[in-house]
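Content type PDB, C-alpha atoms, from the file start31.pdb:
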```pdb
MODEL        1
ATOM      1  CA  MET A  62      -1.073 -16.059  19.276
ATOM      2  CA  SER A  63      -4.429 -14.480  19.801
ATOM      3  CA  ASN A  64      -5.930 -14.822  16.375
ATOM      4  CA  LYS A  65      -9.292 -16.452  16.382
ATOM      5  CA  GLY A  66     -10.605 -17.467  13.041
ATOM      6  CA  SER A  67      -8.784 -15.020  10.847
ATOM      7  CA  LYS A  68      -5.244 -15.432   9.676
ATOM      8  CA  ASN A  69      -2.464 -12.957  10.123
ATOM      9  CA  LEU A  70      -1.661 -10.611   7.298
ATOM     10  CA  GLN A  71       1.562 -11.366   5.536
ATOM     11  CA  VAL A  72       3.806  -8.774   4.016
ATOM     12  CA  LYS A  73       3.376  -8.629   0.286
ATOM     13  CA  PRO A  74       5.950  -6.340  -1.298
ATOM     14  CA  LYS A  75       4.638  -4.049  -3.975
ATOM     15  CA  GLN A  76       5.001  -5.466  -7.436
ATOM     16  CA  GLU A  77       7.024  -3.198  -9.618
ATOM     17  CA  LEU A  78       5.890  -3.046 -13.187
ATOM     18  CA  THR A  79       8.389  -4.395 -15.647
ATOM     19  CA  SER A  80       7.360  -2.933 -18.923
ATOM     20  CA  PRO A  81       9.248  -3.145 -22.158
ATOM     21  CA  ALA A  82       8.621   0.535 -22.852
ATOM     22  CA  GLU A  83      10.359   3.017 -20.635
ATOM     23  CA  GLN A  84       8.563   5.962 -19.100
ATOM     24  CA  THR A  85       9.602   9.419 -20.115
ATOM     25  CA  ARG A  86       9.433  10.574 -16.515
ATOM     26  CA  PRO A  87      11.577   8.750 -13.964
ATOM     27  CA  GLY A  88       9.982   7.005 -11.014
ATOM     28  CA  SER A  89       8.741   3.636  -9.945
ATOM     29  CA  ILE A  90       5.545   2.139 -11.287
ATOM     30  CA  PHE A  91       3.649  -0.452  -9.302
ATOM     31  CA  THR A  92       0.837  -2.786 -10.190
ATOM     32  CA  PRO A  93      -2.016  -2.501  -7.684
ATOM     33  CA  ASN A  94      -3.474  -5.656  -6.169
ATOM     34  CA  VAL A  95      -6.950  -6.310  -7.479
ATOM     35  CA  ASP A  96      -9.991  -8.454  -6.898
ATOM     36  CA  ILE A  97     -12.161  -8.994  -9.932
ATOM     37  CA  PHE A  98     -15.468 -10.757  -9.862
ATOM     38  CA  GLU A  99     -18.364 -11.161 -12.199
ATOM     39  CA  THR A 100     -22.093 -11.587 -11.919
ATOM     40  CA  ASP A 101     -24.607 -12.044 -14.707
ATOM     41  CA  HIS A 102     -25.020  -8.289 -15.012
ATOM     42  CA  ASP A 103     -21.671  -6.717 -14.263
ATOM     43  CA  ILE A 104     -17.981  -7.052 -13.607
ATOM     44  CA  THR A 105     -16.620  -5.470 -10.434
ATOM     45  CA  LEU A 106     -13.010  -4.560  -9.888
ATOM     46  CA  LEU A 107     -11.497  -3.636  -6.531
ATOM     47  CA  ALA A 108      -7.995  -2.190  -6.525
ATOM     48  CA  ASP A 109      -5.752  -1.231  -3.612
ATOM     49  CA  MET A 110      -4.197   2.114  -4.452
ATOM     50  CA  PRO A 111      -3.097   3.681  -1.165
ATOM     51  CA  GLY A 112      -2.139   7.343  -1.450
ATOM     52  CA  VAL A 113      -4.169   8.003  -4.580
ATOM     53  CA  SER A 114      -6.835  10.695  -4.367
ATOM     54  CA  THR A 115      -9.796  11.024  -6.705
ATOM     55  CA  GLU A 116      -8.134  13.842  -8.674
ATOM     56  CA  ASN A 117      -5.102  11.689  -9.369
ATOM     57  CA  LEU A 118      -6.909   8.608 -10.567
ATOM     58  CA  THR A 119      -7.580   7.979 -14.235
ATOM     59  CA  ILE A 120      -9.749   5.187 -15.528
ATOM     60  CA  ASP A 121      -9.793   4.658 -19.231
ATOM     61  CA  LEU A 122     -11.779   2.142 -21.234
ATOM     62  CA  ARG A 123     -11.410   1.855 -24.949
ATOM     63  CA  GLU A 124     -11.820  -1.097 -27.251
ATOM     64  CA  ASN A 125     -12.245  -3.456 -24.302
ATOM     65  CA  VAL A 126      -8.946  -2.443 -22.724
ATOM     66  CA  LEU A 127      -9.319  -1.029 -19.233
ATOM     67  CA  THR A 128      -6.449   1.106 -17.981
ATOM     68  CA  LEU A 129      -6.039   2.243 -14.391
ATOM     69  CA  THR A 130      -3.512   4.948 -13.587
ATOM     70  CA  GLY A 131      -3.004   6.512 -10.184
ATOM     71  CA  GLU A 132      -0.497   9.175  -9.250
ATOM     72  CA  VAL A 133       0.836   9.378  -5.710
ATOM     73  CA  ALA A 134       2.133  12.640  -4.306
ATOM     74  CA  PRO A 135       5.426  12.377  -2.402
ATOM     75  CA  PHE A 136       4.708  12.205   1.309
ATOM     76  CA  GLU A 137       7.938  13.480   2.731
ATOM     77  CA  GLY A 138       8.579  17.004   3.866
ATOM     78  CA  ALA A 139      11.676  18.769   2.595
ATOM     79  CA  ASN A 140      13.653  18.504   5.833
ATOM     80  CA  GLU A 141      12.911  14.899   6.589
ATOM     81  CA  GLU A 142      15.645  12.328   6.721
ATOM     82  CA  ASP A 143      15.063   8.624   6.225
ATOM     83  CA  ILE A 144      15.489   6.291   9.156
ATOM     84  CA  LEU A 145      13.792   3.175   7.874
ATOM     85  CA  ILE A 146      12.309   2.832   4.412
ATOM     86  CA  GLU A 147      10.451  -0.384   3.720
ATOM     87  CA  TYR A 148       8.224   0.639   0.868
ATOM     88  CA  GLU A 149       8.568   2.954  -2.056
ATOM     89  CA  ILE A 150       5.874   5.058  -3.549
ATOM     90  CA  GLY A 151       5.202   5.606  -7.194
ATOM     91  CA  LYS A 152       2.587   5.559  -9.826
ATOM     92  CA  TYR A 153       0.080   2.733 -10.036
ATOM     93  CA  TYR A 154      -0.622   1.309 -13.453
ATOM     94  CA  ARG A 155      -2.512  -1.725 -14.636
ATOM     95  CA  GLN A 156      -4.299  -2.799 -17.783
ATOM     96  CA  PHE A 157      -6.932  -5.438 -18.338
ATOM     97  CA  ASN A 158      -8.520  -6.909 -21.410
ATOM     98  CA  LEU A 159     -12.223  -7.238 -20.802
ATOM     99  CA  SER A 160     -13.880 -10.205 -22.406
ATOM    100  CA  SER A 161     -17.432  -8.887 -22.163
ATOM    101  CA  VAL A 162     -18.846  -5.826 -23.819
ATOM    102  CA  ILE A 163     -19.278  -3.085 -21.239
ATOM    103  CA  ASP A 164     -21.985  -0.467 -21.178
ATOM    104  CA  GLN A 165     -19.765   2.592 -21.002
ATOM    105  CA  SER A 166     -22.561   4.939 -19.970
ATOM    106  CA  LYS A 167     -23.257   3.054 -16.745
ATOM    107  CA  ILE A 168     -19.746   2.606 -15.389
ATOM    108  CA  ASP A 169     -19.520   3.509 -11.730
ATOM    109  CA  ALA A 170     -16.273   4.243  -9.897
ATOM    110  CA  LYS A 171     -15.805   4.935  -6.205
ATOM    111  CA  LEU A 172     -12.564   5.595  -4.386
ATOM    112  CA  ASN A 173     -12.642   5.205  -0.616
ATOM    113  CA  ASP A 174      -9.652   4.996   1.734
ATOM    114  CA  GLY A 175      -7.308   4.122  -1.099
ATOM    115  CA  VAL A 176      -9.484   1.361  -2.521
ATOM    116  CA  LEU A 177     -11.093   1.747  -5.930
ATOM    117  CA  ARG A 178     -14.376   0.008  -6.581
ATOM    118  CA  LEU A 179     -15.224  -0.047 -10.234
ATOM    119  CA  THR A 180     -18.514  -1.474 -11.459
ATOM    120  CA  LEU A 181     -18.662  -2.277 -15.144
ATOM    121  CA  PRO A 182     -22.171  -3.236 -16.265
ATOM    122  CA  LYS A 183     -22.383  -5.561 -19.229
ATOM    123  CA  VAL A 184     -24.462  -4.489 -22.190
ATOM    124  CA  GLU A 185     -27.819  -6.176 -22.525
ATOM    125  CA  GLU A 186     -26.798  -8.507 -25.347
ATOM    126  CA  ALA A 187     -23.920  -9.848 -23.334
ATOM    127  CA  THR A 188     -26.024 -10.940 -20.363
ATOM    128  CA  PRO A 189     -26.643 -14.663 -20.753
ATOM    129  CA  ARG A 190     -30.002 -15.603 -22.101
ATOM    130  CA  ARG A 191     -31.431 -19.033 -22.089
ATOM    131  CA  ILE A 192     -32.195 -20.255 -25.570
ATOM    132  CA  GLU A 193     -35.094 -22.608 -25.769
ATOM    133  CA  VAL A 194     -34.559 -25.470 -28.160
ATOM    134  CA  LYS A 195     -37.695 -26.706 -29.821
ATOM    135  CA  THR A 196     -38.259 -29.930 -31.564
ATOM    136  CA  GLY A 197     -39.931 -30.261 -34.898
TER     137      GLY A 197
ATOM    138  CA  MET B 294      12.356 -13.052  18.182
ATOM    139  CA  LEU B 295      15.818 -11.587  18.442
ATOM    140  CA  TYR B 296      15.855 -11.212  14.681
ATOM    141  CA  LYS B 297      12.579  -9.367  14.756
ATOM    142  CA  ARG B 298      13.681  -7.026  17.485
ATOM    143  CA  LEU B 299      16.877  -6.206  15.722
ATOM    144  CA  PHE B 300      15.104  -5.422  12.513
ATOM    145  CA  ASN B 301      12.271  -3.548  14.137
ATOM    146  CA  ASP B 302      14.696  -1.247  15.829
ATOM    147  CA  PRO B 303      15.744   1.417  13.366
ATOM    148  CA  SER B 304      18.500   2.620  15.690
ATOM    149  CA  TRP B 305      20.191  -0.694  15.155
ATOM    150  CA  GLY B 306      21.756   0.651  12.051
ATOM    151  CA  PHE B 307      19.790   0.752   8.824
ATOM    152  CA  SER B 308      20.360   4.430   8.587
ATOM    153  CA  LYS B 309      23.915   4.881   9.675
ATOM    154  CA  ALA B 310      26.461   2.109   9.755
ATOM    155  CA  PHE B 311      24.691  -0.049   7.240
ATOM    156  CA  SER B 312      23.411   2.528   4.829
ATOM    157  CA  GLU B 313      26.306   2.086   2.460
ATOM    158  CA  LEU B 314      26.011  -1.687   2.591
ATOM    159  CA  ASP B 315      22.293  -1.371   2.169
ATOM    160  CA  ARG B 316      22.698   0.837  -0.865
ATOM    161  CA  LEU B 317      25.109  -1.624  -2.405
ATOM    162  CA  HIS B 318      22.741  -4.438  -1.618
ATOM    163  CA  ARG B 319      19.883  -2.633  -3.316
ATOM    164  CA  GLU B 320      21.979  -1.901  -6.357
ATOM    165  CA  MET B 321      22.970  -5.543  -6.603
ATOM    166  CA  ASP B 322      19.343  -6.552  -6.277
ATOM    167  CA  ALA B 323      18.336  -4.065  -8.919
ATOM    168  CA  LEU B 324      20.981  -5.434 -11.253
ATOM    169  CA  TYR B 325      19.896  -8.971 -10.538
ATOM    170  CA  GLY B 326      16.284  -7.966 -10.927
ATOM    171  CA  ALA B 327      17.020  -6.361 -14.276
ATOM    172  CA  LEU B 328      18.700  -9.558 -15.434
ATOM    173  CA  SER B 329      15.955 -11.865 -14.279
ATOM    174  CA  GLY B 330      13.124  -9.466 -15.057
ATOM    175  CA  GLY B 331      11.741  -9.493 -11.529
ATOM    176  CA  ALA B 332      11.099  -6.812  -8.940
ATOM    177  CA  PHE B 333      13.618  -6.466  -6.141
ATOM    178  CA  PRO B 334      12.604  -6.552  -2.522
ATOM    179  CA  MET B 335      13.125  -3.672  -0.131
ATOM    180  CA  PRO B 336      14.788  -4.284   3.223
ATOM    181  CA  SER B 337      12.014  -5.181   5.585
ATOM    182  CA  ALA B 338      11.282  -6.866   8.877
ATOM    183  CA  GLY B 339       8.786  -9.077   7.110
ATOM    184  CA  VAL B 340       5.987  -7.908   9.383
ATOM    185  CA  PHE B 341       2.811  -6.258   8.084
ATOM    186  CA  PRO B 342       2.390  -3.341   7.595
ATOM    187  CA  LEU B 343       5.494  -2.060   5.860
ATOM    188  CA  ILE B 344       6.628   1.150   7.482
ATOM    189  CA  ASN B 345       8.541   4.222   6.443
ATOM    190  CA  LEU B 346      10.080   6.150   9.302
ATOM    191  CA  THR B 347      11.634   9.565   8.817
ATOM    192  CA  GLU B 348      12.711  12.371  11.104
ATOM    193  CA  ASP B 349      13.454  16.054  11.196
ATOM    194  CA  ASN B 350      14.714  18.125  14.119
ATOM    195  CA  GLU B 351      11.331  18.179  15.821
ATOM    196  CA  ASN B 352       9.500  14.966  15.028
ATOM    197  CA  TYR B 353       9.548  11.396  13.877
ATOM    198  CA  TYR B 354       7.178  10.646  11.018
ATOM    199  CA  LEU B 355       5.802   7.173  10.566
ATOM    200  CA  ARG B 356       3.839   6.145   7.502
ATOM    201  CA  ALA B 357       2.202   2.916   6.473
ATOM    202  CA  GLU B 358      -0.039   1.910   3.603
ATOM    203  CA  LEU B 359      -3.276   0.404   4.864
ATOM    204  CA  PRO B 360      -5.731   0.616   1.969
ATOM    205  CA  GLY B 361      -9.388   0.220   2.872
ATOM    206  CA  MET B 362      -8.864   0.759   6.581
ATOM    207  CA  LYS B 363     -10.618   3.396   8.645
ATOM    208  CA  SER B 364      -8.912   5.204  11.498
ATOM    209  CA  ASP B 365     -11.176   3.615  14.107
ATOM    210  CA  GLU B 366     -10.136   0.141  12.980
ATOM    211  CA  LEU B 367      -6.557   0.792  14.060
ATOM    212  CA  ASP B 368      -5.115   0.454  17.519
ATOM    213  CA  ILE B 369      -2.074   2.682  17.949
ATOM    214  CA  GLN B 370      -0.171   2.840  21.200
ATOM    215  CA  VAL B 371       2.868   4.947  21.877
ATOM    216  CA  THR B 372       5.333   4.510  24.712
ATOM    217  CA  GLY B 373       8.402   6.605  25.432
ATOM    218  CA  GLU B 374      10.482   4.493  23.089
ATOM    219  CA  GLY B 375       8.261   2.811  20.580
ATOM    220  CA  ILE B 376       4.926   2.562  18.849
ATOM    221  CA  SER B 377       2.665  -0.375  18.250
ATOM    222  CA  ILE B 378       0.162  -0.531  15.432
ATOM    223  CA  SER B 379      -2.365  -3.308  15.265
ATOM    224  CA  GLY B 380      -5.686  -4.012  13.670
ATOM    225  CA  GLU B 381      -7.507  -6.218  11.285
ATOM    226  CA  ARG B 382      -8.057  -5.639   7.629
ATOM    227  CA  LYS B 383     -11.442  -6.915   6.563
ATOM    228  CA  ILE B 384     -12.571  -7.488   3.018
ATOM    229  CA  SER B 385     -16.311  -7.629   2.680
ATOM    230  CA  GLU B 386     -17.934 -10.722   1.259
ATOM    231  CA  GLU B 387     -19.543 -10.244  -2.104
ATOM    232  CA  GLY B 388     -22.065 -13.061  -1.832
ATOM    233  CA  ASN B 389     -22.238 -16.549  -3.261
ATOM    234  CA  THR B 390     -23.446 -15.608  -6.697
ATOM    235  CA  VAL B 391     -20.249 -13.919  -7.847
ATOM    236  CA  LYS B 392     -17.584 -15.631  -9.883
ATOM    237  CA  TYR B 393     -14.072 -14.560  -8.992
ATOM    238  CA  HIS B 394     -11.550 -13.947 -11.743
ATOM    239  CA  ARG B 395      -8.798 -12.696  -9.446
ATOM    240  CA  ARG B 396      -8.284 -12.439  -5.700
ATOM    241  CA  GLU B 397      -5.077 -10.644  -4.867
ATOM    242  CA  ARG B 398      -6.188  -8.459  -1.986
ATOM    243  CA  GLU B 399      -5.756 -10.043   1.401
ATOM    244  CA  SER B 400      -7.433  -9.707   4.742
ATOM    245  CA  GLY B 401      -6.225 -10.576   8.214
ATOM    246  CA  LYS B 402      -4.912  -9.359  11.503
ATOM    247  CA  PHE B 403      -1.671  -7.544  11.983
ATOM    248  CA  SER B 404       0.430  -6.116  14.764
ATOM    249  CA  ARG B 405       3.710  -4.341  14.529
ATOM    250  CA  LEU B 406       6.063  -2.751  17.004
ATOM    251  CA  ILE B 407       8.667  -0.158  16.048
ATOM    252  CA  ASN B 408      11.259   1.404  18.307
ATOM    253  CA  PHE B 409      12.328   4.991  17.821
ATOM    254  CA  PRO B 410      16.032   5.809  17.770
ATOM    255  CA  GLY B 411      15.488   8.371  20.558
ATOM    256  CA  LYS B 412      13.040   9.354  23.279
ATOM    257  CA  VAL B 413       9.676  10.757  22.249
ATOM    258  CA  ASP B 414       6.977  12.885  23.825
ATOM    259  CA  VAL B 415       3.920  10.638  24.082
ATOM    260  CA  ASN B 416       1.474  13.405  24.949
ATOM    261  CA  ILE B 417       1.236  15.142  21.604
ATOM    262  CA  VAL B 418       1.238  12.361  19.051
ATOM    263  CA  GLU B 419      -0.915  13.010  16.010
ATOM    264  CA  ALA B 420      -2.224  10.345  13.680
ATOM    265  CA  SER B 421      -4.297  10.587  10.534
ATOM    266  CA  MET B 422      -5.550   8.356   7.760
ATOM    267  CA  GLU B 423      -5.769   9.742   4.258
ATOM    268  CA  ASN B 424      -6.524   7.735   1.136
ATOM    269  CA  GLY B 425      -5.529   4.558   2.926
ATOM    270  CA  VAL B 426      -2.192   5.867   4.164
ATOM    271  CA  LEU B 427      -1.570   6.172   7.888
ATOM    272  CA  SER B 428       0.644   9.076   9.004
ATOM    273  CA  VAL B 429       1.754   9.470  12.582
ATOM    274  CA  THR B 430       3.725  12.472  13.802
ATOM    275  CA  ILE B 431       5.606  11.787  17.005
ATOM    276  CA  PRO B 432       7.414  14.753  18.598
ATOM    277  CA  LYS B 433      10.868  14.077  19.946
ATOM    278  CA  SER B 434      11.244  14.619  23.664
ATOM    279  CA  LYS B 435      13.059  17.789  24.701
ATOM    280  CA  ALA B 436      16.145  15.866  25.737
ATOM    281  CA  ALA B 437      16.411  14.176  22.356
ATOM    282  CA  LYS B 438      16.000  17.294  20.202
ATOM    283  CA  PRO B 439      19.129  18.845  18.828
ATOM    284  CA  ARG B 440      19.780  22.195  20.455
ATOM    285  CA  GLN B 441      21.344  25.084  18.643
ATOM    286  CA  ILE B 442      24.139  26.664  20.694
ATOM    287  CA  THR B 443      24.922  30.258  19.982
ATOM    288  CA  VAL B 444      28.523  31.221  20.426
ATOM    289  CA  LYS B 445      28.951  34.543  22.118
TER     290      LYS B 445
ENDMDL
END
```

Give the structure from this file in structure tokens form.
Amino acid sequence: MSNKGSKNLQVKPKQELTSPAEQTRPGSIFTPNVDIFETDHDITLLADMPGVSTENLTIDLRENVLTLTGEVAPFEGANEEDILIEYEIGKYYRQFNLSSVIDQSKIDAKLNDGVLRLTLPKVEEATPRRIEVKTG
Amino acid sequence: MLYKRLFNDPSWGFSKAFSELDRLHREMDALYGALSGGAFPMPSAGVFPLINLTEDNENYYLRAELPGMKSDELDIQVTGEGISISGERKISEEGNTVKYHRRERESGKFSRLINFPGKVDVNIVEASMENGVLSVTIPKSKAAKPRQITVK
């Protein structure tokens, strides 16, 4: 094998969402893979949502619950017949509870090549501040 | 290797002889999945990236989900019978100061070979990347296209 340094990518089947509530419209719902990391000032979320365009992506934040929804248009033409189908397409949906208070006015979202990058700045009070303890 | 070749070759029978069995298998999996609460796996060669291959009278259409990849990061080669797709998915480093909560996205190299059920015309293959989805249109060679015969 000719891989130097980096490992080979393994197949990771899409995770289908198993929700207790059924959707009114039929179709599969998948949970996108995400990376979430935090600095002192913000929380950044990266989500793989291949096939989702900016018009079809909804990001909703209310009462510290972040909801990502992405619609995927069917790719197949009308006359196409399946030969080999290894993945299904469907809606992407995922919810997160955010522990920090987010400054809603400064949220920044970018969608490039099917990857969402969402920057959620923390409000000033939530950024850690060192408290000096005095004696006396 | 034999296993891989068999499963990478769509003409081997996913579509035709085994479609009924495959359907049954999927239904069983779905039933089992519903009982256990888990997602059911699709039939796959187990090689990244997962591929959907379709056809109409004129072309084969290959699609693969490669989020975050640019077209120039992919190496696609077509021969008369098959196509190879390889590349490396890179995930940029975010620096040492960040604290990760979750890391589900993966990086790494990949290479996949798929054989077409029939001969193709290698000269007019078109490939595009849109929103992280690769689409390749591969025209069937003249000999492989169905020909309409008019009865006089």

May I have the residues of chain B within 6 Å of chain A, counting only C-alpha atoms, written as a PDB file with C-alpha atoms, in the frame of the given file?
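The resulting iface_6.pdb:
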```pdb
ATOM      1  CA  SER B 308      20.360   4.430   8.587  1.00  0.00           C
ATOM      2  CA  ALA B 332      11.099  -6.812  -8.940  1.00  0.00           C
ATOM      3  CA  MET B 335      13.125  -3.672  -0.131  1.00  0.00           C
ATOM      4  CA  PRO B 336      14.788  -4.284   3.223  1.00  0.00           C
ATOM      5  CA  SER B 337      12.014  -5.181   5.585  1.00  0.00           C
ATOM      6  CA  GLY B 339       8.786  -9.077   7.110  1.00  0.00           C
ATOM      7  CA  VAL B 340       5.987  -7.908   9.383  1.00  0.00           C
ATOM      8  CA  PHE B 341       2.811  -6.258   8.084  1.00  0.00           C
ATOM      9  CA  LEU B 343       5.494  -2.060   5.860  1.00  0.00           C
ATOM     10  CA  ILE B 344       6.628   1.150   7.482  1.00  0.00           C
ATOM     11  CA  ASN B 345       8.541   4.222   6.443  1.00  0.00           C
ATOM     12  CA  LEU B 346      10.080   6.150   9.302  1.00  0.00           C
ATOM     13  CA  THR B 347      11.634   9.565   8.817  1.00  0.00           C
ATOM     14  CA  GLU B 348      12.711  12.371  11.104  1.00  0.00           C
ATOM     15  CA  ASP B 349      13.454  16.054  11.196  1.00  0.00           C
ATOM     16  CA  GLU B 358      -0.039   1.910   3.603  1.00  0.00           C
ATOM     17  CA  PRO B 360      -5.731   0.616   1.969  1.00  0.00           C
ATOM     18  CA  GLY B 361      -9.388   0.220   2.872  1.00  0.00           C
ATOM     19  CA  VAL B 391     -20.249 -13.919  -7.847  1.00  0.00           C
ATOM     20  CA  LYS B 392     -17.584 -15.631  -9.883  1.00  0.00           C
ATOM     21  CA  TYR B 393     -14.072 -14.560  -8.992  1.00  0.00           C
ATOM     22  CA  HIS B 394     -11.550 -13.947 -11.743  1.00  0.00           C
ATOM     23  CA  ARG B 395      -8.798 -12.696  -9.446  1.00  0.00           C
ATOM     24  CA  ARG B 396      -8.284 -12.439  -5.700  1.00  0.00           C
ATOM     25  CA  GLU B 397      -5.077 -10.644  -4.867  1.00  0.00           C
ATOM     26  CA  ARG B 398      -6.188  -8.459  -1.986  1.00  0.00           C
ATOM     27  CA  GLY B 401      -6.225 -10.576   8.214  1.00  0.00           C
ATOM     28  CA  LYS B 402      -4.912  -9.359  11.503  1.00  0.00           C
ATOM     29  CA  PHE B 403      -1.671  -7.544  11.983  1.00  0.00           C
ATOM     30  CA  ASN B 424      -6.524   7.735   1.136  1.00  0.00           C
ATOM     31  CA  GLY B 425      -5.529   4.558   2.926  1.00  0.00           C
ATOM     32  CA  VAL B 426      -2.192   5.867   4.164  1.00  0.00           C
TER      33      VAL B 426
END
```

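In this structure, atom CA of Asn158 of chain A sits 24.6 Å away from atom CA of Gly388 of chain B.
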
Val418 of chain B surroundings by all atoms listed in the file, 10 Å radius, close-in-sequence under 5 positions cut, as an MDAnalysis selection string: chainID B and resid 352:353 370:371 413 429:433

Chain and number of each residue from the PyMOL selection byres ((chain B and resi 367) around 12), as a VMD selection string: chain B and resid 342 357 359 361 to 366 368 to 370 377 to 383 402 to 405 420 to 422 425 to 427

Gap from atom CA of Arg155 of chain A to atom CA of Thr180 of chain A - Å, one decimal: 16.3 Å

Non-local contacts of segment 372-376 of chain B (7 Å; only C-alpha atoms; under 5 positions in same chain excluded) as a ChimeraX atom specification: /B:406-409,411-415

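Of note, atom CA of Pro182 of chain A and atom CA of Ser400 of chain B are spaced 26.5 Å apart.
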